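Structure data follow from my_file-v7.cif (mmCIF, N, CA and C atoms):
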```
data_work
#
loop_
_atom_site.label_atom_id
_atom_site.label_comp_id
_atom_site.auth_asym_id
_atom_site.auth_seq_id
_atom_site.Cartn_x
_atom_site.Cartn_y
_atom_site.Cartn_z
N LEU Y 1 0.86 -1.17 0.00
CA LEU Y 1 0.00 0.00 0.00
C LEU Y 1 0.89 1.23 0.00
N ILE Y 2 0.66 2.11 -0.93
CA ILE Y 2 1.41 3.37 -1.02
C ILE Y 2 0.40 4.51 -1.10
N PHE Y 3 0.58 5.50 -0.27
CA PHE Y 3 -0.20 6.72 -0.38
C PHE Y 3 0.57 7.65 -1.34
N PRO Y 4 0.04 7.93 -2.54
CA PRO Y 4 0.78 8.73 -3.51
C PRO Y 4 1.17 10.12 -2.99
N GLU Y 5 0.41 10.62 -2.03
CA GLU Y 5 0.72 11.93 -1.46
C GLU Y 5 1.86 11.85 -0.43
N GLY Y 6 2.22 10.63 -0.05
CA GLY Y 6 3.27 10.45 0.94
C GLY Y 6 2.75 10.27 2.35
N ARG Y 7 1.45 10.45 2.54
CA ARG Y 7 0.81 10.30 3.85
C ARG Y 7 -0.70 10.24 3.65
N ARG Y 8 -1.41 9.94 4.74
CA ARG Y 8 -2.87 10.00 4.66
C ARG Y 8 -3.30 11.45 4.52
N VAL Y 9 -4.42 11.67 3.85
CA VAL Y 9 -4.92 13.02 3.61
C VAL Y 9 -6.34 13.11 4.14
N LYS Y 10 -6.64 14.18 4.85
CA LYS Y 10 -7.99 14.37 5.38
C LYS Y 10 -8.96 14.71 4.25
N ALA Y 11 -10.24 14.44 4.49
CA ALA Y 11 -11.29 14.69 3.49
C ALA Y 11 -11.27 16.14 3.04
N GLY Y 12 -11.37 16.34 1.75
CA GLY Y 12 -11.39 17.68 1.18
C GLY Y 12 -10.01 18.28 0.97
N GLU Y 13 -9.00 17.69 1.55
CA GLU Y 13 -7.63 18.19 1.40
C GLU Y 13 -7.00 17.52 0.17
N LYS Y 14 -6.35 18.31 -0.64
CA LYS Y 14 -5.68 17.74 -1.81
C LYS Y 14 -4.20 18.08 -1.74
N GLN Y 15 -3.40 17.10 -2.05
CA GLN Y 15 -1.95 17.26 -2.05
C GLN Y 15 -1.42 16.88 -3.42
N ARG Y 16 -0.20 17.27 -3.70
CA ARG Y 16 0.46 16.80 -4.92
C ARG Y 16 0.96 15.39 -4.69
N ALA Y 17 0.99 14.62 -5.73
CA ALA Y 17 1.52 13.26 -5.64
C ALA Y 17 3.04 13.32 -5.60
N LYS Y 18 3.63 12.38 -4.90
CA LYS Y 18 5.07 12.22 -4.92
C LYS Y 18 5.38 11.19 -6.00
N SER Y 19 6.52 11.33 -6.64
CA SER Y 19 6.83 10.49 -7.79
C SER Y 19 7.15 9.03 -7.44
N GLY Y 20 7.30 8.72 -6.16
CA GLY Y 20 7.67 7.37 -5.74
C GLY Y 20 6.75 6.28 -6.25
N VAL Y 21 5.46 6.53 -6.28
CA VAL Y 21 4.52 5.52 -6.76
C VAL Y 21 4.81 5.16 -8.21
N ALA Y 22 5.15 6.15 -9.03
CA ALA Y 22 5.46 5.90 -10.43
C ALA Y 22 6.83 5.23 -10.58
N VAL Y 23 7.79 5.63 -9.76
CA VAL Y 23 9.13 5.04 -9.82
C VAL Y 23 9.05 3.54 -9.53
N ILE Y 24 8.35 3.18 -8.47
CA ILE Y 24 8.24 1.77 -8.08
C ILE Y 24 7.50 0.97 -9.15
N ALA Y 25 6.37 1.47 -9.61
CA ALA Y 25 5.57 0.74 -10.60
C ALA Y 25 6.33 0.59 -11.92
N GLN Y 26 7.05 1.63 -12.32
CA GLN Y 26 7.79 1.58 -13.58
C GLN Y 26 8.99 0.65 -13.49
N LYS Y 27 9.74 0.74 -12.43
CA LYS Y 27 10.94 -0.11 -12.29
C LYS Y 27 10.58 -1.58 -12.07
N MET Y 28 9.50 -1.84 -11.35
CA MET Y 28 9.10 -3.22 -11.08
C MET Y 28 8.20 -3.77 -12.19
N ASN Y 29 7.74 -2.91 -13.10
CA ASN Y 29 6.85 -3.28 -14.19
C ASN Y 29 5.59 -3.98 -13.65
N VAL Y 30 4.95 -3.30 -12.70
CA VAL Y 30 3.72 -3.82 -12.10
C VAL Y 30 2.61 -2.78 -12.25
N PRO Y 31 1.36 -3.22 -12.31
CA PRO Y 31 0.27 -2.26 -12.38
C PRO Y 31 0.00 -1.63 -11.01
N VAL Y 32 -0.62 -0.48 -11.03
CA VAL Y 32 -1.06 0.18 -9.81
C VAL Y 32 -2.58 0.05 -9.76
N ILE Y 33 -3.08 -0.39 -8.64
CA ILE Y 33 -4.53 -0.50 -8.47
C ILE Y 33 -4.97 0.68 -7.59
N PRO Y 34 -5.68 1.65 -8.19
CA PRO Y 34 -6.10 2.82 -7.42
C PRO Y 34 -7.19 2.45 -6.42
N VAL Y 35 -7.00 2.88 -5.19
CA VAL Y 35 -7.96 2.60 -4.12
C VAL Y 35 -8.25 3.90 -3.38
N LEU Y 36 -9.52 4.20 -3.22
CA LEU Y 36 -9.95 5.37 -2.46
C LEU Y 36 -10.50 4.89 -1.13
N ILE Y 37 -9.95 5.40 -0.04
CA ILE Y 37 -10.45 5.10 1.30
C ILE Y 37 -11.11 6.37 1.79
N ASP Y 38 -12.42 6.31 2.00
CA ASP Y 38 -13.19 7.50 2.35
C ASP Y 38 -13.86 7.31 3.71
N GLY Y 39 -13.72 8.28 4.57
CA GLY Y 39 -14.33 8.22 5.89
C GLY Y 39 -13.40 8.82 6.93
N ASP Y 40 -13.88 8.86 8.16
CA ASP Y 40 -13.07 9.39 9.25
C ASP Y 40 -12.03 8.38 9.68
N TYR Y 41 -10.83 8.87 9.93
CA TYR Y 41 -9.76 8.01 10.42
C TYR Y 41 -9.81 7.97 11.94
N LYS Y 42 -10.89 7.42 12.44
CA LYS Y 42 -11.05 7.27 13.88
C LYS Y 42 -11.37 5.82 14.17
N TRP Y 43 -10.98 5.36 15.30
CA TRP Y 43 -11.19 3.99 15.72
C TRP Y 43 -12.66 3.61 15.62
N MET Y 44 -12.94 2.51 14.94
CA MET Y 44 -14.26 1.90 14.82
C MET Y 44 -15.26 2.72 13.99
N ASN Y 45 -14.83 3.75 13.28
CA ASN Y 45 -15.72 4.47 12.38
C ASN Y 45 -15.81 3.71 11.06
N LYS Y 46 -16.95 3.81 10.43
CA LYS Y 46 -17.12 3.15 9.14
C LYS Y 46 -16.38 3.93 8.06
N ILE Y 47 -15.84 3.18 7.12
CA ILE Y 47 -15.18 3.77 5.96
C ILE Y 47 -15.73 3.12 4.70
N THR Y 48 -15.52 3.80 3.59
CA THR Y 48 -15.88 3.26 2.29
C THR Y 48 -14.60 3.06 1.50
N VAL Y 49 -14.48 1.91 0.89
CA VAL Y 49 -13.30 1.61 0.07
C VAL Y 49 -13.78 1.38 -1.36
N ARG Y 50 -13.21 2.16 -2.28
CA ARG Y 50 -13.55 2.01 -3.70
C ARG Y 50 -12.28 1.62 -4.45
N ILE Y 51 -12.39 0.62 -5.29
CA ILE Y 51 -11.25 0.08 -6.02
C ILE Y 51 -11.46 0.31 -7.51
N GLY Y 52 -10.47 0.90 -8.15
CA GLY Y 52 -10.55 1.21 -9.57
C GLY Y 52 -9.86 0.16 -10.43
N GLU Y 53 -9.86 0.40 -11.71
CA GLU Y 53 -9.21 -0.49 -12.67
C GLU Y 53 -7.70 -0.33 -12.57
N PRO Y 54 -6.95 -1.43 -12.74
CA PRO Y 54 -5.49 -1.35 -12.69
C PRO Y 54 -4.93 -0.39 -13.75
N ILE Y 55 -3.87 0.32 -13.37
CA ILE Y 55 -3.18 1.24 -14.27
C ILE Y 55 -1.87 0.56 -14.66
N SER Y 56 -1.70 0.32 -15.95
CA SER Y 56 -0.51 -0.38 -16.43
C SER Y 56 0.65 0.58 -16.67
N PHE Y 57 1.83 0.14 -16.29
CA PHE Y 57 3.05 0.90 -16.55
C PHE Y 57 3.94 0.13 -17.54
N GLU Y 58 3.33 -0.86 -18.22
CA GLU Y 58 4.05 -1.74 -19.12
C GLU Y 58 4.77 -0.99 -20.24
N GLU Y 59 4.16 0.05 -20.77
CA GLU Y 59 4.77 0.79 -21.87
C GLU Y 59 6.03 1.55 -21.46
N TYR Y 60 6.25 1.71 -20.15
CA TYR Y 60 7.42 2.44 -19.66
C TYR Y 60 8.52 1.51 -19.16
N ALA Y 61 8.29 0.20 -19.21
CA ALA Y 61 9.26 -0.78 -18.71
C ALA Y 61 10.60 -0.64 -19.43
N GLY Y 62 11.68 -0.56 -18.65
CA GLY Y 62 13.01 -0.50 -19.21
C GLY Y 62 13.41 0.84 -19.78
N LYS Y 63 12.53 1.84 -19.71
CA LYS Y 63 12.85 3.16 -20.24
C LYS Y 63 13.39 4.06 -19.12
N LYS Y 64 14.22 4.98 -19.49
CA LYS Y 64 14.74 5.97 -18.57
C LYS Y 64 13.81 7.17 -18.62
N LEU Y 65 13.04 7.38 -17.55
CA LEU Y 65 12.09 8.49 -17.51
C LEU Y 65 12.68 9.65 -16.71
N SER Y 66 12.35 10.85 -17.14
CA SER Y 66 12.81 12.05 -16.43
C SER Y 66 11.96 12.24 -15.17
N GLY Y 67 12.43 13.08 -14.29
CA GLY Y 67 11.68 13.41 -13.08
C GLY Y 67 10.31 13.98 -13.39
N GLU Y 68 10.25 14.79 -14.44
CA GLU Y 68 8.97 15.40 -14.83
C GLU Y 68 7.99 14.34 -15.34
N GLU Y 69 8.50 13.37 -16.11
CA GLU Y 69 7.65 12.30 -16.61
C GLU Y 69 7.13 11.43 -15.46
N LEU Y 70 7.99 11.11 -14.51
CA LEU Y 70 7.57 10.32 -13.36
C LEU Y 70 6.54 11.08 -12.53
N GLN Y 71 6.75 12.39 -12.37
CA GLN Y 71 5.79 13.20 -11.62
C GLN Y 71 4.44 13.23 -12.32
N ALA Y 72 4.45 13.33 -13.64
CA ALA Y 72 3.19 13.34 -14.41
C ALA Y 72 2.45 12.01 -14.26
N LEU Y 73 3.18 10.91 -14.27
CA LEU Y 73 2.55 9.59 -14.08
C LEU Y 73 1.96 9.47 -12.68
N ALA Y 74 2.69 9.96 -11.68
CA ALA Y 74 2.19 9.92 -10.30
C ALA Y 74 0.94 10.78 -10.16
N GLU Y 75 0.93 11.95 -10.77
CA GLU Y 75 -0.26 12.82 -10.72
C GLU Y 75 -1.45 12.15 -11.40
N ASP Y 76 -1.19 11.40 -12.47
CA ASP Y 76 -2.26 10.67 -13.17
C ASP Y 76 -2.86 9.61 -12.25
N VAL Y 77 -2.01 8.90 -11.52
CA VAL Y 77 -2.49 7.90 -10.56
C VAL Y 77 -3.37 8.57 -9.51
N LEU Y 78 -2.90 9.69 -8.97
CA LEU Y 78 -3.66 10.38 -7.93
C LEU Y 78 -4.99 10.91 -8.46
N THR Y 79 -5.00 11.41 -9.67
CA THR Y 79 -6.24 11.89 -10.30
C THR Y 79 -7.25 10.74 -10.43
N LYS Y 80 -6.77 9.58 -10.83
CA LYS Y 80 -7.66 8.43 -10.97
C LYS Y 80 -8.21 8.00 -9.61
N ILE Y 81 -7.42 8.14 -8.57
CA ILE Y 81 -7.90 7.82 -7.22
C ILE Y 81 -8.98 8.81 -6.82
N TYR Y 82 -8.73 10.11 -7.00
CA TYR Y 82 -9.71 11.13 -6.63
C TYR Y 82 -11.00 10.97 -7.44
N ASN Y 83 -10.90 10.50 -8.69
CA ASN Y 83 -12.08 10.32 -9.53
C ASN Y 83 -12.95 9.14 -9.08
N LEU Y 84 -12.46 8.31 -8.20
CA LEU Y 84 -13.27 7.20 -7.67
C LEU Y 84 -14.36 7.69 -6.73
N LYS Y 85 -14.22 8.91 -6.23
CA LYS Y 85 -15.19 9.46 -5.28
C LYS Y 85 -16.46 9.80 -5.91
#
```
What does this structure look like when you write it as structure tokens?
Amino acid sequence: LIFPEGRRVKAGEKQRAKSGVAVIAQKMNVPVIPVLIDGDYKWMNKITVRIGEPISFEEYAGKKLSGEELQALAEDVLTKIYNLK
């Protein structure tokens, strides 16, 4: 489990994605499954979990990507997570 923002984010708060999620997925050549966890982060409170379609990084396997390209891929992952709401 990786939080693309680098940490948990409170409802309504938006952060920029960190490129680590794209670096790991691209180097390991594995898909990312976007998951939205919605609800209060309090003990025994109900939460909603929404799971999206896998995001493939296959086309980037073995390629040397720039920091900007990795950041753009990470932002795309985060956008797809936010769109699950």
Taking all atoms listed in the file into account, name the residue in Y:Ser66, Y:Leu84, Y:Arg16, Y:Ile47 that is nearest to Val35 of chain Y.
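Looking at the shortest contact to Val35 of chain Y, the residue is Y:Leu84.
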Selected by the PyMOL selection byres (((chain Y and resi 27 and name CA) around 10) and name CA) in the shown coordinates: which residues, as a VMD selection string?
chain Y and resid 22 to 26 28 to 30 57 to 58 60 to 64
Tell me which residues the PyMOL selection byres ((chain Y and resi 74) around 6.5) grabs here, as a list of chain:residue names.
Y:Ala17, Y:Lys18, Y:Ser19, Y:Val21, Y:Ala22, Y:Glu69, Y:Leu70, Y:Gln71, Y:Ala72, Y:Leu73, Y:Glu75, Y:Asp76, Y:Val77, Y:Leu78, Y:Thr79
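Note that the spacing between atom CA of Arg50 of chain Y and atom N of Asp38 of chain Y amounts to 7.2 Å.
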Have a look at atom CA of Lys85 of chain Y and atom CA of Gly67 of chain Y and let me know their distance in Å, one decimal.
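Distance between the two atoms: 28.3 Å.
Residues of segment 28-58 of chain Y assigned to strand (DSSP E) by DSSP on this structure's backbone: Val35, Leu36, Ile37, Asp38, Gly39, Ile47, Thr48, Val49, Arg50 and Ile51 of chain Y.
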Closest of Y:Ala11, Y:Glu5, Y:Ile81, Y:Gly20 to Ile33 of chain Y - atom-to-atom distances counting all atoms listed in the file:
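Smallest distance to Ile33 of chain Y is found for Y:Ile81.
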Å distance separating atom CA of Val9 of chain Y from atom CA of Lys46 of chain Y, one decimal place
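So the answer is 16.6 Å.
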Considering only helix (DSSP H, G or I) as DSSP defines it on the backbone, what residues of chain Y qualify? List them as a compact mmCIF listing (two decimals) with N, CA and C atoms, in the frame of the given file.
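Saved file selection04.txt follows:
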```txt
# COMPACT_ATOMS: atom_id res chain seq x y z
N GLY Y 20 7.30 8.72 -6.16
CA GLY Y 20 7.67 7.37 -5.74
C GLY Y 20 6.75 6.28 -6.25
N VAL Y 21 5.46 6.53 -6.28
CA VAL Y 21 4.52 5.52 -6.76
C VAL Y 21 4.81 5.16 -8.21
N ALA Y 22 5.15 6.15 -9.03
CA ALA Y 22 5.46 5.90 -10.43
C ALA Y 22 6.83 5.23 -10.58
N VAL Y 23 7.79 5.63 -9.76
CA VAL Y 23 9.13 5.04 -9.82
C VAL Y 23 9.05 3.54 -9.53
N ILE Y 24 8.35 3.18 -8.47
CA ILE Y 24 8.24 1.77 -8.08
C ILE Y 24 7.50 0.97 -9.15
N ALA Y 25 6.37 1.47 -9.61
CA ALA Y 25 5.57 0.74 -10.60
C ALA Y 25 6.33 0.59 -11.92
N GLN Y 26 7.05 1.63 -12.32
CA GLN Y 26 7.79 1.58 -13.58
C GLN Y 26 8.99 0.65 -13.49
N LYS Y 27 9.74 0.74 -12.43
CA LYS Y 27 10.94 -0.11 -12.29
C LYS Y 27 10.58 -1.58 -12.07
N MET Y 28 9.50 -1.84 -11.35
CA MET Y 28 9.10 -3.22 -11.08
C MET Y 28 8.20 -3.77 -12.19
N GLU Y 58 3.33 -0.86 -18.22
CA GLU Y 58 4.05 -1.74 -19.12
C GLU Y 58 4.77 -0.99 -20.24
N GLU Y 59 4.16 0.05 -20.77
CA GLU Y 59 4.77 0.79 -21.87
C GLU Y 59 6.03 1.55 -21.46
N TYR Y 60 6.25 1.71 -20.15
CA TYR Y 60 7.42 2.44 -19.66
C TYR Y 60 8.52 1.51 -19.16
N GLY Y 67 12.43 13.08 -14.29
CA GLY Y 67 11.68 13.41 -13.08
C GLY Y 67 10.31 13.98 -13.39
N GLU Y 68 10.25 14.79 -14.44
CA GLU Y 68 8.97 15.40 -14.83
C GLU Y 68 7.99 14.34 -15.34
N GLU Y 69 8.50 13.37 -16.11
CA GLU Y 69 7.65 12.30 -16.61
C GLU Y 69 7.13 11.43 -15.46
N LEU Y 70 7.99 11.11 -14.51
CA LEU Y 70 7.57 10.32 -13.36
C LEU Y 70 6.54 11.08 -12.53
N GLN Y 71 6.75 12.39 -12.37
CA GLN Y 71 5.79 13.20 -11.62
C GLN Y 71 4.44 13.23 -12.32
N ALA Y 72 4.45 13.33 -13.64
CA ALA Y 72 3.19 13.34 -14.41
C ALA Y 72 2.45 12.01 -14.26
N LEU Y 73 3.18 10.91 -14.27
CA LEU Y 73 2.55 9.59 -14.08
C LEU Y 73 1.96 9.47 -12.68
N ALA Y 74 2.69 9.96 -11.68
CA ALA Y 74 2.19 9.92 -10.30
C ALA Y 74 0.94 10.78 -10.16
N GLU Y 75 0.93 11.95 -10.77
CA GLU Y 75 -0.26 12.82 -10.72
C GLU Y 75 -1.45 12.15 -11.40
N ASP Y 76 -1.19 11.40 -12.47
CA ASP Y 76 -2.26 10.67 -13.17
C ASP Y 76 -2.86 9.61 -12.25
N VAL Y 77 -2.01 8.90 -11.52
CA VAL Y 77 -2.49 7.90 -10.56
C VAL Y 77 -3.37 8.57 -9.51
N LEU Y 78 -2.90 9.69 -8.97
CA LEU Y 78 -3.66 10.38 -7.93
C LEU Y 78 -4.99 10.91 -8.46
N THR Y 79 -5.00 11.41 -9.67
CA THR Y 79 -6.24 11.89 -10.30
C THR Y 79 -7.25 10.74 -10.43
N LYS Y 80 -6.77 9.58 -10.83
CA LYS Y 80 -7.66 8.43 -10.97
C LYS Y 80 -8.21 8.00 -9.61
N ILE Y 81 -7.42 8.14 -8.57
CA ILE Y 81 -7.90 7.82 -7.22
C ILE Y 81 -8.98 8.81 -6.82
N TYR Y 82 -8.73 10.11 -7.00
CA TYR Y 82 -9.71 11.13 -6.63
C TYR Y 82 -11.00 10.97 -7.44
```
Have segment 7-32 of chain Y completed to N, CA, C and O atoms, please, and pass it along as a PDB file, in the coordinates of the input.
```pdb
ATOM      1  N   ARG Y   7       1.450  10.450   2.540  1.00  0.00           N
ATOM      2  CA  ARG Y   7       0.810  10.300   3.850  1.00  0.00           C
ATOM      3  C   ARG Y   7      -0.700  10.240   3.650  1.00  0.00           C
ATOM      4  O   ARG Y   7      -1.198  10.484   2.556  1.00  0.00           O
ATOM      5  N   ARG Y   8      -1.410   9.940   4.740  1.00  0.00           N
ATOM      6  CA  ARG Y   8      -2.870  10.000   4.660  1.00  0.00           C
ATOM      7  C   ARG Y   8      -3.300  11.450   4.520  1.00  0.00           C
ATOM      8  O   ARG Y   8      -2.644  12.354   5.030  1.00  0.00           O
ATOM      9  N   VAL Y   9      -4.420  11.670   3.850  1.00  0.00           N
ATOM     10  CA  VAL Y   9      -4.920  13.020   3.610  1.00  0.00           C
ATOM     11  C   VAL Y   9      -6.340  13.110   4.140  1.00  0.00           C
ATOM     12  O   VAL Y   9      -7.160  12.217   3.889  1.00  0.00           O
ATOM     13  N   LYS Y  10      -6.640  14.180   4.850  1.00  0.00           N
ATOM     14  CA  LYS Y  10      -7.990  14.370   5.380  1.00  0.00           C
ATOM     15  C   LYS Y  10      -8.960  14.710   4.250  1.00  0.00           C
ATOM     16  O   LYS Y  10      -8.565  15.209   3.201  1.00  0.00           O
ATOM     17  N   ALA Y  11     -10.240  14.440   4.490  1.00  0.00           N
ATOM     18  CA  ALA Y  11     -11.290  14.690   3.490  1.00  0.00           C
ATOM     19  C   ALA Y  11     -11.270  16.140   3.040  1.00  0.00           C
ATOM     20  O   ALA Y  11     -11.154  17.056   3.859  1.00  0.00           O
ATOM     21  N   GLY Y  12     -11.370  16.340   1.750  1.00  0.00           N
ATOM     22  CA  GLY Y  12     -11.390  17.680   1.180  1.00  0.00           C
ATOM     23  C   GLY Y  12     -10.010  18.280   0.970  1.00  0.00           C
ATOM     24  O   GLY Y  12      -9.866  19.277   0.272  1.00  0.00           O
ATOM     25  N   GLU Y  13      -9.000  17.690   1.550  1.00  0.00           N
ATOM     26  CA  GLU Y  13      -7.630  18.190   1.400  1.00  0.00           C
ATOM     27  C   GLU Y  13      -7.000  17.520   0.170  1.00  0.00           C
ATOM     28  O   GLU Y  13      -7.143  16.326  -0.022  1.00  0.00           O
ATOM     29  N   LYS Y  14      -6.350  18.310  -0.640  1.00  0.00           N
ATOM     30  CA  LYS Y  14      -5.680  17.740  -1.810  1.00  0.00           C
ATOM     31  C   LYS Y  14      -4.200  18.080  -1.740  1.00  0.00           C
ATOM     32  O   LYS Y  14      -3.828  19.195  -1.398  1.00  0.00           O
ATOM     33  N   GLN Y  15      -3.400  17.100  -2.050  1.00  0.00           N
ATOM     34  CA  GLN Y  15      -1.950  17.260  -2.050  1.00  0.00           C
ATOM     35  C   GLN Y  15      -1.420  16.880  -3.420  1.00  0.00           C
ATOM     36  O   GLN Y  15      -2.086  16.185  -4.179  1.00  0.00           O
ATOM     37  N   ARG Y  16      -0.200  17.270  -3.700  1.00  0.00           N
ATOM     38  CA  ARG Y  16       0.460  16.800  -4.920  1.00  0.00           C
ATOM     39  C   ARG Y  16       0.960  15.390  -4.690  1.00  0.00           C
ATOM     40  O   ARG Y  16       1.325  15.027  -3.578  1.00  0.00           O
ATOM     41  N   ALA Y  17       0.990  14.620  -5.730  1.00  0.00           N
ATOM     42  CA  ALA Y  17       1.520  13.260  -5.640  1.00  0.00           C
ATOM     43  C   ALA Y  17       3.040  13.320  -5.600  1.00  0.00           C
ATOM     44  O   ALA Y  17       3.654  14.207  -6.180  1.00  0.00           O
ATOM     45  N   LYS Y  18       3.630  12.380  -4.900  1.00  0.00           N
ATOM     46  CA  LYS Y  18       5.070  12.220  -4.920  1.00  0.00           C
ATOM     47  C   LYS Y  18       5.380  11.190  -6.000  1.00  0.00           C
ATOM     48  O   LYS Y  18       4.615  10.273  -6.261  1.00  0.00           O
ATOM     49  N   SER Y  19       6.520  11.330  -6.640  1.00  0.00           N
ATOM     50  CA  SER Y  19       6.830  10.490  -7.790  1.00  0.00           C
ATOM     51  C   SER Y  19       7.150   9.030  -7.440  1.00  0.00           C
ATOM     52  O   SER Y  19       7.205   8.183  -8.315  1.00  0.00           O
ATOM     53  N   GLY Y  20       7.300   8.720  -6.160  1.00  0.00           N
ATOM     54  CA  GLY Y  20       7.670   7.370  -5.740  1.00  0.00           C
ATOM     55  C   GLY Y  20       6.750   6.280  -6.250  1.00  0.00           C
ATOM     56  O   GLY Y  20       7.209   5.197  -6.612  1.00  0.00           O
ATOM     57  N   VAL Y  21       5.460   6.530  -6.280  1.00  0.00           N
ATOM     58  CA  VAL Y  21       4.520   5.520  -6.760  1.00  0.00           C
ATOM     59  C   VAL Y  21       4.810   5.160  -8.210  1.00  0.00           C
ATOM     60  O   VAL Y  21       4.780   3.988  -8.596  1.00  0.00           O
ATOM     61  N   ALA Y  22       5.150   6.150  -9.030  1.00  0.00           N
ATOM     62  CA  ALA Y  22       5.460   5.900 -10.430  1.00  0.00           C
ATOM     63  C   ALA Y  22       6.830   5.230 -10.580  1.00  0.00           C
ATOM     64  O   ALA Y  22       6.999   4.343 -11.418  1.00  0.00           O
ATOM     65  N   VAL Y  23       7.790   5.630  -9.760  1.00  0.00           N
ATOM     66  CA  VAL Y  23       9.130   5.040  -9.820  1.00  0.00           C
ATOM     67  C   VAL Y  23       9.050   3.540  -9.530  1.00  0.00           C
ATOM     68  O   VAL Y  23       9.589   2.721 -10.271  1.00  0.00           O
ATOM     69  N   ILE Y  24       8.350   3.180  -8.470  1.00  0.00           N
ATOM     70  CA  ILE Y  24       8.240   1.770  -8.080  1.00  0.00           C
ATOM     71  C   ILE Y  24       7.500   0.970  -9.150  1.00  0.00           C
ATOM     72  O   ILE Y  24       7.952  -0.095  -9.563  1.00  0.00           O
ATOM     73  N   ALA Y  25       6.370   1.470  -9.610  1.00  0.00           N
ATOM     74  CA  ALA Y  25       5.570   0.740 -10.600  1.00  0.00           C
ATOM     75  C   ALA Y  25       6.330   0.590 -11.920  1.00  0.00           C
ATOM     76  O   ALA Y  25       6.307  -0.476 -12.532  1.00  0.00           O
ATOM     77  N   GLN Y  26       7.050   1.630 -12.320  1.00  0.00           N
ATOM     78  CA  GLN Y  26       7.790   1.580 -13.580  1.00  0.00           C
ATOM     79  C   GLN Y  26       8.990   0.650 -13.490  1.00  0.00           C
ATOM     80  O   GLN Y  26       9.220  -0.170 -14.365  1.00  0.00           O
ATOM     81  N   LYS Y  27       9.740   0.740 -12.430  1.00  0.00           N
ATOM     82  CA  LYS Y  27      10.940  -0.110 -12.290  1.00  0.00           C
ATOM     83  C   LYS Y  27      10.580  -1.580 -12.070  1.00  0.00           C
ATOM     84  O   LYS Y  27      11.282  -2.466 -12.539  1.00  0.00           O
ATOM     85  N   MET Y  28       9.500  -1.840 -11.350  1.00  0.00           N
ATOM     86  CA  MET Y  28       9.100  -3.220 -11.080  1.00  0.00           C
ATOM     87  C   MET Y  28       8.200  -3.770 -12.190  1.00  0.00           C
ATOM     88  O   MET Y  28       7.891  -4.959 -12.182  1.00  0.00           O
ATOM     89  N   ASN Y  29       7.740  -2.910 -13.100  1.00  0.00           N
ATOM     90  CA  ASN Y  29       6.850  -3.280 -14.190  1.00  0.00           C
ATOM     91  C   ASN Y  29       5.590  -3.980 -13.650  1.00  0.00           C
ATOM     92  O   ASN Y  29       5.230  -5.073 -14.070  1.00  0.00           O
ATOM     93  N   VAL Y  30       4.950  -3.300 -12.700  1.00  0.00           N
ATOM     94  CA  VAL Y  30       3.720  -3.820 -12.100  1.00  0.00           C
ATOM     95  C   VAL Y  30       2.610  -2.780 -12.250  1.00  0.00           C
ATOM     96  O   VAL Y  30       2.885  -1.588 -12.308  1.00  0.00           O
ATOM     97  N   PRO Y  31       1.360  -3.220 -12.310  1.00  0.00           N
ATOM     98  CA  PRO Y  31       0.270  -2.260 -12.380  1.00  0.00           C
ATOM     99  C   PRO Y  31       0.000  -1.630 -11.010  1.00  0.00           C
ATOM    100  O   PRO Y  31       0.361  -2.196  -9.978  1.00  0.00           O
ATOM    101  N   VAL Y  32      -0.620  -0.480 -11.030  1.00  0.00           N
ATOM    102  CA  VAL Y  32      -1.060   0.180  -9.810  1.00  0.00           C
ATOM    103  C   VAL Y  32      -2.580   0.050  -9.760  1.00  0.00           C
ATOM    104  O   VAL Y  32      -3.261   0.327 -10.748  1.00  0.00           O
TER     105      VAL Y  32
END
```
